[in-house]
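Novice: Please find work_36.tsv (TSV, C-alpha atoms and all ligand atoms) on the next line:
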```tsv
chain	number	residue	atom	x	y	z
U	1	MET	CA	-2.70	37.20	-14.49
U	2	SER	CA	-0.30	34.60	-13.14
U	3	LYS	CA	-1.07	30.89	-13.50
U	4	ARG	CA	-2.96	29.20	-10.67
U	5	PHE	CA	-2.61	25.51	-9.88
U	6	ASN	CA	-3.40	22.80	-7.32
U	7	ALA	CA	-0.88	21.76	-4.69
U	8	PHE	CA	-0.87	19.27	-1.82
U	9	ARG	CA	0.06	21.48	1.12
U	10	VAL	CA	1.01	20.45	4.65
U	11	GLU	CA	0.61	22.99	7.45
U	12	GLU	CA	1.66	22.99	11.09
U	13	LEU	CA	-1.21	23.68	13.48
U	14	ASP	CA	-0.70	25.79	16.58
U	15	GLY	CA	-0.84	23.99	19.88
U	16	GLU	CA	1.27	22.58	22.70
U	17	LYS	CA	2.14	19.49	20.67
U	18	PRO	CA	2.63	20.28	16.98
U	19	GLU	CA	0.11	18.67	14.65
U	20	TYR	CA	0.14	18.63	10.88
U	21	ARG	CA	-2.72	18.84	8.42
U	22	ALA	CA	-2.63	18.25	4.69
U	23	SER	CA	-5.04	19.70	2.14
U	24	ILE	CA	-5.22	20.44	-1.56
U	25	ILE	CA	-5.13	24.18	-2.12
U	26	GLU	CA	-4.91	26.55	-5.07
U	27	ARG	CA	-1.64	28.46	-5.42
U	28	SER	CA	-0.12	30.91	-7.88
U	29	VAL	CA	3.16	30.28	-9.71
U	30	ASP	CA	4.27	33.63	-8.22
U	31	ASP	CA	4.30	31.90	-4.80
U	32	LEU	CA	6.81	29.27	-5.94
U	33	PRO	CA	10.43	29.53	-4.80
U	34	GLU	CA	13.05	31.20	-6.99
U	35	GLY	CA	14.78	29.17	-9.68
U	36	GLU	CA	15.65	29.24	-13.35
U	37	VAL	CA	13.20	26.58	-14.56
U	38	LEU	CA	9.41	26.46	-14.22
U	39	ILE	CA	8.05	22.95	-14.83
U	40	ARG	CA	4.50	21.77	-15.45
U	41	VAL	CA	4.54	18.59	-13.40
U	42	ALA	CA	3.00	15.53	-15.07
U	43	TYR	CA	4.02	12.89	-12.51
U	44	SER	CA	5.59	12.64	-9.09
U	45	SER	CA	6.18	9.56	-6.96
U	46	LEU	CA	5.95	8.54	-3.31
U	47	ASN	CA	9.05	7.85	-1.25
U	48	TYR	CA	9.68	7.19	2.44
U	49	LYS	CA	11.11	10.72	2.79
U	50	ASP	CA	7.84	12.21	1.48
U	51	ALA	CA	5.93	10.37	4.18
U	52	LEU	CA	8.29	11.88	6.78
U	53	SER	CA	7.96	15.38	5.32
U	54	ALA	CA	4.15	15.14	5.14
U	55	SER	CA	3.95	14.04	8.78
U	56	GLY	CA	6.01	16.92	10.20
U	57	ASN	CA	9.45	15.29	10.51
U	58	LYS	CA	11.71	18.30	11.13
U	59	GLY	CA	14.79	16.30	10.13
U	60	VAL	CA	13.39	16.40	6.59
U	61	THR	CA	11.33	19.62	6.51
U	62	ARG	CA	12.02	22.47	8.92
U	63	GLN	CA	9.42	25.01	7.77
U	64	TYR	CA	5.69	24.61	7.15
U	65	PRO	CA	3.43	25.20	5.25
U	66	HIS	CA	5.18	23.05	2.69
U	67	THR	CA	4.58	21.03	-0.48
U	68	PRO	CA	6.36	17.65	-0.26
U	69	GLY	CA	7.44	15.55	-3.26
U	70	ILE	CA	11.14	14.72	-3.69
U	71	ASP	CA	10.60	13.58	-7.30
U	72	LEU	CA	8.94	15.15	-10.32
U	73	ALA	CA	8.78	14.74	-14.06
U	74	GLY	CA	7.17	17.14	-16.52
U	75	GLU	CA	7.65	19.71	-19.20
U	76	VAL	CA	9.60	22.97	-19.10
U	77	VAL	CA	7.24	25.94	-19.26
U	78	GLU	CA	9.71	28.79	-18.70
U	79	ALA	CA	13.50	28.78	-18.44
U	80	PHE	CA	15.84	31.65	-17.60
U	81	GLU	CA	18.18	32.60	-20.47
U	82	ASP	CA	17.09	29.56	-22.46
U	83	CYS	CA	18.98	27.05	-20.28
U	84	PHE	CA	16.23	24.61	-21.36
U	85	SER	CA	13.86	24.96	-24.34
U	86	VAL	CA	10.18	25.33	-23.55
U	87	GLY	CA	8.50	21.93	-23.93
U	88	THR	CA	11.60	19.88	-22.99
U	89	PRO	CA	10.63	16.79	-20.96
U	90	VAL	CA	12.67	16.75	-17.75
U	91	LEU	CA	12.90	15.11	-14.36
U	92	VAL	CA	14.13	16.28	-10.98
U	93	THR	CA	15.14	14.15	-7.98
U	94	GLY	CA	17.13	14.87	-4.85
U	95	PHE	CA	18.91	18.05	-3.79
U	96	ASP	CA	16.43	20.05	-1.69
U	97	LEU	CA	13.34	19.24	-3.76
U	98	GLY	CA	10.39	18.42	-1.51
U	99	MET	CA	12.46	18.90	1.64
U	100	ASN	CA	12.62	22.67	2.24
U	101	THR	CA	11.90	23.62	-1.36
U	102	ASP	CA	8.33	23.11	-2.60
U	103	GLY	CA	8.25	19.72	-4.32
U	104	GLY	CA	6.48	17.56	-6.86
U	105	PHE	CA	3.08	17.12	-5.15
U	106	ALA	CA	1.78	20.08	-7.18
U	107	GLU	CA	0.92	20.88	-10.78
U	108	TYR	CA	3.82	23.35	-11.10
U	109	ALA	CA	7.31	23.57	-9.58
U	110	ARG	CA	10.18	26.02	-9.95
U	111	VAL	CA	13.74	24.78	-9.38
U	112	PRO	CA	17.36	25.74	-10.06
U	113	ALA	CA	18.58	24.65	-13.52
U	114	SER	CA	21.38	22.62	-11.88
U	115	TRP	CA	18.77	20.21	-10.43
U	116	VAL	CA	17.12	19.46	-13.77
U	117	VAL	CA	17.94	16.32	-15.79
U	118	PRO	CA	16.67	16.02	-19.38
U	119	LEU	CA	14.47	12.94	-19.68
U	120	PRO	CA	16.40	10.15	-21.47
U	121	GLU	CA	15.04	9.57	-24.98
U	122	ALA	CA	14.09	5.96	-24.37
U	123	MET	CA	12.06	6.68	-21.20
U	124	SER	CA	8.57	8.12	-20.74
U	125	LEU	CA	7.75	10.68	-18.06
U	126	LYS	CA	5.66	8.05	-16.26
U	127	GLU	CA	8.43	5.43	-16.37
U	128	SER	CA	10.86	7.94	-14.89
U	129	MET	CA	8.55	8.41	-11.91
U	130	ILE	CA	7.77	4.71	-11.46
U	131	LEU	CA	11.52	4.56	-10.87
U	132	GLY	CA	11.93	7.96	-9.16
U	133	THR	CA	14.42	8.43	-6.33
U	134	ALA	CA	13.82	4.80	-5.32
U	135	GLY	CA	14.89	3.54	-8.74
U	136	LEU	CA	17.88	5.86	-8.91
U	137	THR	CA	18.96	4.70	-5.45
U	138	ALA	CA	18.49	1.02	-6.27
U	139	ALA	CA	20.57	1.50	-9.43
U	140	LEU	CA	23.33	3.25	-7.45
U	141	CYS	CA	23.36	0.36	-4.96
U	142	VAL	CA	23.64	-2.20	-7.75
U	143	GLU	CA	26.33	-0.17	-9.51
U	144	LYS	CA	28.42	0.00	-6.32
U	145	LEU	CA	28.07	-3.74	-5.73
U	146	LEU	CA	29.24	-4.43	-9.29
U	147	GLN	CA	32.14	-1.99	-8.94
U	148	ASN	CA	33.19	-3.92	-5.85
U	149	GLY	CA	33.38	-7.17	-7.79
U	150	LEU	CA	29.96	-8.79	-7.29
U	151	LYS	CA	29.24	-11.42	-9.97
U	152	PRO	CA	26.19	-13.70	-10.45
U	153	GLU	CA	28.24	-16.91	-10.03
U	154	GLN	CA	29.24	-15.87	-6.48
U	155	GLY	CA	25.82	-16.78	-5.09
U	156	GLU	CA	22.75	-15.28	-3.45
U	157	VAL	CA	22.23	-11.53	-3.14
U	158	LEU	CA	19.93	-10.30	-0.37
U	159	VAL	CA	17.55	-7.33	-0.63
U	160	THR	CA	15.86	-6.09	2.56
U	161	GLY	CA	12.63	-4.08	2.66
U	162	ALA	CA	12.04	-5.92	-0.59
U	163	THR	CA	8.43	-4.89	-1.18
U	164	GLY	CA	9.27	-1.19	-0.69
U	165	GLY	CA	10.27	1.31	-3.36
U	166	VAL	CA	14.06	0.91	-3.31
U	167	GLY	CA	13.78	-2.79	-2.43
U	168	SER	CA	11.41	-3.78	-5.24
U	169	ILE	CA	13.43	-1.98	-7.94
U	170	ALA	CA	16.65	-3.49	-6.54
U	171	VAL	CA	15.10	-6.99	-6.73
U	172	ALA	CA	14.01	-6.45	-10.34
U	173	LEU	CA	17.31	-4.89	-11.41
U	174	LEU	CA	19.50	-7.57	-9.85
U	175	ALA	CA	17.31	-10.30	-11.37
U	176	LYS	CA	17.59	-8.65	-14.78
U	177	LEU	CA	21.38	-8.71	-14.43
U	178	GLY	CA	21.31	-12.45	-13.78
U	179	PHE	CA	21.67	-12.55	-9.99
U	180	GLU	CA	19.96	-15.03	-7.70
U	181	VAL	CA	17.98	-12.60	-5.54
U	182	VAL	CA	16.70	-13.41	-2.06
U	183	ALA	CA	14.00	-10.93	-1.06
U	184	CYS	CA	13.58	-10.29	2.67
U	185	THR	CA	10.17	-8.96	3.65
U	186	GLY	CA	7.82	-8.47	6.58
U	187	LYS	CA	4.81	-9.09	4.31
U	188	GLN	CA	4.02	-12.79	3.95
U	189	ASP	CA	1.19	-12.02	1.51
U	190	LYS	CA	3.60	-10.49	-1.02
U	191	VAL	CA	5.61	-13.60	-1.88
U	192	GLU	CA	3.92	-13.91	-5.27
U	193	PHE	CA	4.59	-10.23	-6.10
U	194	LEU	CA	8.27	-10.60	-5.15
U	195	CYS	CA	8.71	-13.76	-7.24
U	196	LYS	CA	6.96	-12.08	-10.17
U	197	ILE	CA	9.40	-9.15	-10.15
U	198	GLY	CA	12.44	-11.42	-10.01
U	199	ALA	CA	13.11	-12.88	-6.54
U	200	SER	CA	14.37	-16.49	-6.61
U	201	ASN	CA	13.55	-16.93	-2.95
U	202	VAL	CA	11.62	-14.95	-0.32
U	203	ILE	CA	12.47	-14.98	3.39
U	204	GLY	CA	10.92	-13.36	6.47
U	205	ARG	CA	12.76	-10.75	8.54
U	206	ASP	CA	13.19	-13.30	11.37
U	207	GLU	CA	15.34	-15.47	9.09
U	208	LEU	CA	18.17	-12.93	9.23
U	209	ASP	CA	19.08	-14.06	12.77
U	210	ILE	CA	19.09	-10.46	13.98
U	211	ASP	CA	19.09	-11.36	17.69
U	212	ASN	CA	22.11	-13.67	17.45
U	213	LYS	CA	24.90	-11.91	19.38
U	214	ARG	CA	27.78	-13.94	17.94
U	215	PRO	CA	30.38	-11.72	16.23
U	216	LEU	CA	30.09	-13.67	12.97
U	217	LEU	CA	27.29	-15.78	11.49
U	218	LYS	CA	27.33	-18.48	8.80
U	219	GLU	CA	28.56	-17.04	5.49
U	220	ARG	CA	25.60	-16.77	3.13
U	221	TRP	CA	25.27	-13.60	1.06
U	222	ALA	CA	27.57	-12.74	-1.84
U	223	GLY	CA	26.13	-9.23	-1.68
U	224	ALA	CA	23.21	-7.26	-0.29
U	225	VAL	CA	21.15	-4.10	-0.65
U	226	ASP	CA	19.90	-2.86	2.72
U	227	VAL	CA	17.25	-0.21	3.33
U	228	VAL	CA	16.68	-1.06	7.01
U	229	GLY	CA	19.91	-0.20	8.91
U	230	GLY	CA	20.43	-0.99	12.62
U	231	ASP	CA	20.50	-4.65	13.70
U	232	THR	CA	19.43	-5.80	10.23
U	233	LEU	CA	22.50	-4.21	8.65
U	234	MET	CA	24.67	-5.65	11.40
U	235	ALA	CA	23.26	-9.16	10.80
U	236	ILE	CA	23.96	-8.78	7.07
U	237	LEU	CA	27.56	-7.72	7.70
U	238	LYS	CA	28.01	-10.82	9.90
U	239	SER	CA	26.59	-13.15	7.21
U	240	LEU	CA	28.33	-11.80	4.10
U	241	ARG	CA	30.65	-14.23	2.40
U	242	HIS	CA	34.36	-13.46	2.35
U	243	SER	CA	34.98	-10.21	0.36
U	244	GLY	CA	31.22	-9.67	-0.08
U	245	SER	CA	29.62	-6.21	-0.03
U	246	VAL	CA	26.46	-4.61	1.28
U	247	ALA	CA	25.15	-1.35	-0.18
U	248	ALA	CA	23.54	0.55	2.71
U	249	CYS	CA	21.08	3.26	1.74
U	250	GLY	CA	18.24	3.33	4.27
U	251	LEU	CA	17.12	3.68	7.86
U	252	VAL	CA	13.54	2.40	8.04
U	253	GLY	CA	14.51	0.16	10.99
U	254	SER	CA	17.10	2.29	12.73
U	255	THR	CA	19.71	4.99	12.19
U	256	SER	CA	22.25	3.34	14.48
U	257	LEU	CA	24.82	0.65	13.80
U	258	ASP	CA	26.20	-1.30	16.73
U	259	ALA	CA	28.87	-3.07	14.72
U	260	SER	CA	32.05	-4.99	15.54
U	261	VAL	CA	35.12	-4.95	13.31
U	262	PHE	CA	35.20	-8.78	12.91
U	263	PRO	CA	33.34	-9.01	9.56
U	264	PHE	CA	35.75	-6.43	8.15
U	265	ILE	CA	39.03	-7.83	9.47
U	266	LEU	CA	38.27	-11.57	9.32
U	267	ARG	CA	36.17	-11.72	6.13
U	268	GLY	CA	37.23	-8.56	4.28
U	269	VAL	CA	33.63	-7.50	3.74
U	270	ASN	CA	32.70	-4.07	2.39
U	271	LEU	CA	30.12	-1.63	3.76
U	272	LEU	CA	29.23	0.65	0.85
U	273	GLY	CA	27.36	3.89	1.52
U	274	VAL	CA	24.87	5.12	-1.08
U	275	ASP	CA	23.50	8.65	-1.42
U	276	SER	CA	21.25	9.64	-4.31
U	277	VAL	CA	20.56	13.19	-3.15
U	278	MET	CA	23.74	15.18	-3.71
U	279	LEU	CA	25.00	13.38	-6.82
U	280	SER	CA	26.60	15.42	-9.58
U	281	GLN	CA	24.47	16.22	-12.60
U	282	GLU	CA	26.73	14.05	-14.82
U	283	LYS	CA	26.45	11.06	-12.52
U	284	LYS	CA	22.66	11.40	-12.31
U	285	GLN	CA	22.37	11.65	-16.08
U	286	SER	CA	24.55	8.60	-16.62
U	287	VAL	CA	22.50	6.45	-14.21
U	288	TRP	CA	19.19	7.62	-15.75
U	289	GLN	CA	20.60	6.85	-19.18
U	290	LYS	CA	21.50	3.33	-18.03
U	291	LEU	CA	18.02	2.85	-16.53
U	292	SER	CA	16.51	3.75	-19.89
U	293	THR	CA	18.69	1.39	-21.95
U	294	GLN	CA	20.73	-1.61	-20.81
U	295	TRP	CA	19.14	-1.62	-17.33
U	296	LYS	CA	15.61	-0.90	-18.56
U	297	LEU	CA	13.03	-2.92	-16.63
U	298	ASP	CA	10.17	-4.27	-18.70
U	299	ASN	CA	7.89	-4.92	-15.71
U	300	LEU	CA	7.69	-1.34	-14.41
U	301	GLU	CA	3.91	-1.02	-14.80
U	302	GLU	CA	3.40	-4.27	-12.84
U	303	MET	CA	5.45	-2.88	-9.96
U	304	SER	CA	3.48	0.34	-9.62
U	305	LYS	CA	0.10	1.89	-9.11
U	306	ALA	CA	-1.06	5.37	-10.04
U	307	ILE	CA	-2.95	7.66	-7.66
U	308	SER	CA	-4.48	11.14	-7.75
U	309	MET	CA	-3.73	14.04	-5.41
U	310	GLN	CA	-6.88	13.16	-3.42
U	311	GLU	CA	-5.39	9.74	-2.58
U	312	LEU	CA	-2.00	11.07	-1.44
U	313	GLU	CA	-2.68	11.32	2.27
U	314	GLU	CA	-3.84	7.72	2.54
U	315	SER	CA	-0.92	6.40	0.49
U	316	LEU	CA	1.64	8.36	2.55
U	317	ALA	CA	0.16	6.91	5.76
U	318	LEU	CA	0.63	3.39	4.36
U	319	ILE	CA	4.33	4.12	3.73
U	320	LEU	CA	4.82	5.40	7.28
U	321	ALA	CA	3.16	2.27	8.62
U	322	GLY	CA	5.51	0.08	6.49
U	323	LYS	CA	2.48	-1.32	4.66
U	324	ALA	CA	3.06	0.03	1.15
U	325	SER	CA	4.42	-2.20	-1.59
U	326	GLY	CA	5.94	-1.49	-4.98
U	327	ARG	CA	6.01	2.03	-6.36
U	328	THR	CA	3.24	4.59	-6.19
U	329	VAL	CA	3.09	7.26	-8.89
U	330	LEU	CA	1.17	10.51	-8.49
U	331	GLU	CA	-0.56	11.55	-11.71
U	332	LEU	CA	-1.14	15.28	-12.02
U	401	LIG	P1	9.40	2.27	1.43
U	401	LIG	O1	8.56	2.74	2.56
U	401	LIG	O2	8.84	2.22	0.06
U	401	LIG	O3	9.97	0.81	1.74
U	401	LIG	C1	10.57	0.46	2.95
U	401	LIG	C2	10.32	-1.02	3.20
U	401	LIG	O4	11.12	-1.43	4.31
U	401	LIG	C3	8.89	-1.36	3.62
U	401	LIG	O5	8.03	-1.53	2.52
U	401	LIG	C4	9.10	-2.66	4.37
U	401	LIG	O6	9.30	-3.70	3.40
U	401	LIG	C5	10.44	-2.44	5.06
U	401	LIG	N1	10.29	-1.96	6.43
U	401	LIG	C6	9.52	-0.94	6.88
U	401	LIG	N2	9.68	-0.77	8.22
U	401	LIG	C7	10.58	-1.70	8.60
U	401	LIG	C8	11.16	-2.02	9.86
U	401	LIG	N3	10.86	-1.35	10.97
U	401	LIG	N4	12.06	-3.03	9.90
U	401	LIG	C9	12.39	-3.71	8.78
U	401	LIG	N5	11.86	-3.46	7.56
U	401	LIG	C10	10.97	-2.45	7.49
U	401	LIG	O7	10.72	3.20	1.47
U	401	LIG	P2	11.74	3.52	0.29
U	401	LIG	O8	12.03	2.30	-0.46
U	401	LIG	O9	11.33	4.76	-0.38
U	401	LIG	O10	13.04	3.91	1.16
U	401	LIG	C11	13.68	2.91	1.91
U	401	LIG	C12	14.79	3.55	2.74
U	401	LIG	O11	15.81	4.04	1.88
U	401	LIG	C13	14.34	4.73	3.60
U	401	LIG	O12	15.02	4.72	4.82
U	401	LIG	C14	14.76	5.93	2.78
U	401	LIG	O13	14.97	7.05	3.58
U	401	LIG	C15	16.05	5.40	2.18
U	401	LIG	N6	16.43	6.07	0.96
U	401	LIG	C16	17.70	6.52	0.88
U	401	LIG	C17	18.15	7.12	-0.25
U	401	LIG	C18	19.58	7.53	-0.34
U	401	LIG	O14	19.93	8.32	-1.23
U	401	LIG	N7	20.44	7.01	0.51
U	401	LIG	C19	17.25	7.40	-1.36
U	401	LIG	C20	15.95	6.77	-1.24
U	401	LIG	C21	15.55	6.16	-0.08
U	401	LIG	P3	9.00	-5.25	3.72
U	401	LIG	O15	7.67	-5.29	4.36
U	401	LIG	O16	9.05	-5.89	2.37
U	401	LIG	O17	10.09	-5.72	4.63
```
How does this structure look as structure tokens?
Specialist:
Amino acid sequence: MSKRFNAFRVEELDGEKPEYRASIIERSVDDLPEGEVLIRVAYSSLNYKDALSASGNKGVTRQYPHTPGIDLAGEVVEAFEDCFSVGTPVLVTGFDLGMNTDGGFAEYARVPASWVVPLPEAMSLKESMILGTAGLTAALCVEKLLQNGLKPEQGEVLVTGATGGVGSIAVALLAKLGFEVVACTGKQDKVEFLCKIGASNVIGRDELDIDNKRPLLKERWAGAVDVVGGDTLMAILKSLRHSGSVAACGLVGSTSLDASVFPFILRGVNLLGVDSVMLSQEKKQSVWQKLSTQWKLDNLEEMSKAISMQELEESLALILAGKASGRTVLEL
């Protein structure tokens, strides 16, 4: 008899206006999509994209019923033609996991071998999911900023959406690398948390001068990581110091960018795009390796909380409402 397991399943209800309902159901591994590797999932993590998928956002997930979860870490249970040994600890992020392929909010997942990254030796399964896609993305942002010449002596580096998943890991990582990090947040009650994870200074969203229509603002930031997009990203571009860079990876505020060319042609600033989803296997492995060694964060547990499948719905709603902070790990 095939294995049965629990999965967090979102279904679309019939009606004039589509509605979505989540429940925990029992499934069989035979119902999982095709793929070379069957994984017993030990941990997953919660990301903004999961909250969109679980609430029926068709830009993320076209077909329901569906199991969200864009991250997972666990142990290989079966692998086609021995591409992985049984028992190997692995992690999967990105590609189509949790979007239109059943994801990590379940006790088992089956995926193509090309999506699977062996867990770095110096990292536990739980640590890999405290980081998850958010940690990978934050690391890619920091890497791009460094490649574009950012150095600690150049001055303050801004992180927006600082209490969120990508934001909080970016704050901690930049602080570890010796940068003076200014955390921008909408949550006044999280100043202590942000300072504890490495922020030198915490500012409110209103301090970014978003409504100022001047083509350039006072030069302030040597670099920035932005998860918000829209007017926030535009305000950052206008306040970067000469030759400074912003790594843009998110859209929680807006998908649009009403920019002028002045920051680029008068201050030589750089707008660096970051995508963690379609990275090559080699690139993913090298960033995970770095996160487990020279970029290893020693305050990961402090930045995260663990939840069970029963608590998923509530935690996903908090993310959609912009009220979550730090990283949330799903223990299976
Ligand atoms: P979270 O929900 O964990 O964090 C987002 C944070 O942004 C919130 O905690 C809040 O922080 C802030 N925020 C929320 N709404 C607004 C708003 N309307 N205006 C300004 N700030 C807001 O999300 P993640 O960290 O998981 O993801 C952040 C973004 O990055 C998302 O858009 C996601 O899609 C994107 N992303 C992109 C990836 C890529 O490969 N390019 C990979 C991973 C994520 P605070 O209250 O502190 O301001």
Novice: Might you pull out every residue within 8 Å of Met129 in chain U, with only C-alpha atoms counted and same-chain residues fewer than 4 positions away left off, and present them as a list in words?
Specialist: Tyr43, Ser44, Ser45, Asp71, Leu72, Ala73, Leu125 and Val329 of chain U
Novice: Save out the residues we just selected, C-alpha atoms, as a PDB file, in the coordinates of the input.
Specialist:
```pdb
ATOM      1  CA  TYR U  43       4.020  12.890 -12.510  1.00  0.00           C
ATOM      2  CA  SER U  44       5.590  12.640  -9.090  1.00  0.00           C
ATOM      3  CA  SER U  45       6.180   9.560  -6.960  1.00  0.00           C
ATOM      4  CA  ASP U  71      10.600  13.580  -7.300  1.00  0.00           C
ATOM      5  CA  LEU U  72       8.940  15.150 -10.320  1.00  0.00           C
ATOM      6  CA  ALA U  73       8.780  14.740 -14.060  1.00  0.00           C
ATOM      7  CA  LEU U 125       7.750  10.680 -18.060  1.00  0.00           C
ATOM      8  CA  VAL U 329       3.090   7.260  -8.890  1.00  0.00           C
TER       9      VAL U 329
END
```
Novice: For Leu136 in chain U, list every protein, DNA or RNA residue within 9 Å, evaluated using only C-alpha atoms, and leave out those in the same chain fewer than 2 positions away; present the list as a PyMOL selection string.
Specialist: chain U and resi 93+131-134+138-141+166+276+284+287-288+291
Novice: Pick the closest to Gly87 in chain U from U:Leu38, U:Ala22, U:Ala106, U:Phe179: which is it, counting all atoms listed in the file?
Specialist: U:Leu38
Novice: Taking only C-alpha atoms and all ligand atoms into account, which residues have an atom no farther than 6 Å from ligand LIG 401 (chain U)? I'd like them as an NGL selection string.
Specialist: :U and (47-49 or 133-134 or 137 or 161-167 or 185-187 or 227-228 or 249-253 or 274-277 or 319 or 322-325)
Novice: Contacts of Glu12 in chain U at 7 Å or less, counting all atoms listed in the file, minus same-chain residues fewer than 4 places along, as a ChimeraX atom specification?
Specialist: /U:18-21,64-65
Novice: Dig up all the protein and nucleic acid residues within 12 Å of (29.2, -11.0, 8.8) in the file frame, using only C-alpha atoms, and format them as number ranges by chain.
Specialist: U: 208-210, 212-224, 231-246, 259-271
Novice: Take CA of Pro33 in chain U and CA of Gly98 in chain U and report the distance between them in Å, one decimal.
Specialist: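 Taking CA of Pro33 in chain U and CA of Gly98 in chain U, their separation equals 11.6 Å.
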Novice: For range 215-228 of chain U, where the input has fewer atoms than it should, I would like N, CA, C and O atoms rebuilt and written as an mmCIF file, keeping the file's coordinate frame.
Specialist:
```
data_model
loop_
_atom_site.group_PDB
_atom_site.id
_atom_site.type_symbol
_atom_site.label_atom_id
_atom_site.label_comp_id
_atom_site.auth_asym_id
_atom_site.auth_seq_id
_atom_site.Cartn_x
_atom_site.Cartn_y
_atom_site.Cartn_z
ATOM 1 N N PRO U 215 29.738 -12.763 17.058
ATOM 2 C CA PRO U 215 30.380 -11.720 16.230
ATOM 3 C C PRO U 215 30.329 -12.009 14.739
ATOM 4 O O PRO U 215 30.390 -11.093 13.918
ATOM 5 N N LEU U 216 30.212 -13.302 14.379
ATOM 6 C CA LEU U 216 30.090 -13.670 12.970
ATOM 7 C C LEU U 216 29.024 -14.755 12.840
ATOM 8 O O LEU U 216 28.893 -15.608 13.729
ATOM 9 N N LEU U 217 28.291 -14.739 11.745
ATOM 10 C CA LEU U 217 27.290 -15.780 11.490
ATOM 11 C C LEU U 217 27.744 -16.587 10.265
ATOM 12 O O LEU U 217 28.727 -16.227 9.608
ATOM 13 N N LYS U 218 26.990 -17.656 9.961
ATOM 14 C CA LYS U 218 27.330 -18.480 8.800
ATOM 15 C C LYS U 218 27.394 -17.601 7.543
ATOM 16 O O LYS U 218 26.508 -16.770 7.320
ATOM 17 N N GLU U 219 28.433 -17.825 6.731
ATOM 18 C CA GLU U 219 28.560 -17.040 5.490
ATOM 19 C C GLU U 219 27.448 -17.422 4.528
ATOM 20 O O GLU U 219 27.287 -18.594 4.215
ATOM 21 N N ARG U 220 26.677 -16.446 4.069
ATOM 22 C CA ARG U 220 25.600 -16.770 3.130
ATOM 23 C C ARG U 220 25.549 -15.840 1.915
ATOM 24 O O ARG U 220 25.500 -16.282 0.788
ATOM 25 N N TRP U 221 25.557 -14.531 2.160
ATOM 26 C CA TRP U 221 25.270 -13.600 1.060
ATOM 27 C C TRP U 221 26.533 -13.190 0.303
ATOM 28 O O TRP U 221 27.516 -12.781 0.908
ATOM 29 N N ALA U 222 26.451 -13.254 -1.028
ATOM 30 C CA ALA U 222 27.570 -12.740 -1.840
ATOM 31 C C ALA U 222 27.521 -11.218 -1.848
ATOM 32 O O ALA U 222 28.548 -10.547 -1.937
ATOM 33 N N GLY U 223 26.310 -10.684 -1.721
ATOM 34 C CA GLY U 223 26.130 -9.230 -1.680
ATOM 35 C C GLY U 223 24.768 -8.920 -1.120
ATOM 36 O O GLY U 223 23.937 -9.819 -0.933
ATOM 37 N N ALA U 224 24.527 -7.640 -0.835
ATOM 38 C CA ALA U 224 23.210 -7.260 -0.290
ATOM 39 C C ALA U 224 22.928 -5.790 -0.544
ATOM 40 O O ALA U 224 23.849 -4.970 -0.650
ATOM 41 N N VAL U 225 21.624 -5.487 -0.639
ATOM 42 C CA VAL U 225 21.150 -4.100 -0.650
ATOM 43 C C VAL U 225 20.301 -3.956 0.603
ATOM 44 O O VAL U 225 19.341 -4.717 0.794
ATOM 45 N N ASP U 226 20.655 -3.001 1.457
ATOM 46 C CA ASP U 226 19.900 -2.860 2.720
ATOM 47 C C ASP U 226 19.279 -1.480 2.856
ATOM 48 O O ASP U 226 19.955 -0.459 2.762
ATOM 49 N N VAL U 227 17.961 -1.468 3.107
ATOM 50 C CA VAL U 227 17.250 -0.210 3.330
ATOM 51 C C VAL U 227 16.868 -0.040 4.802
ATOM 52 O O VAL U 227 16.277 0.962 5.172
ATOM 53 N N VAL U 228 17.217 -1.035 5.640
ATOM 54 C CA VAL U 228 16.680 -1.060 7.010
ATOM 55 C C VAL U 228 17.639 -0.432 8.038
ATOM 56 O O VAL U 228 17.229 0.321 8.908
#
```
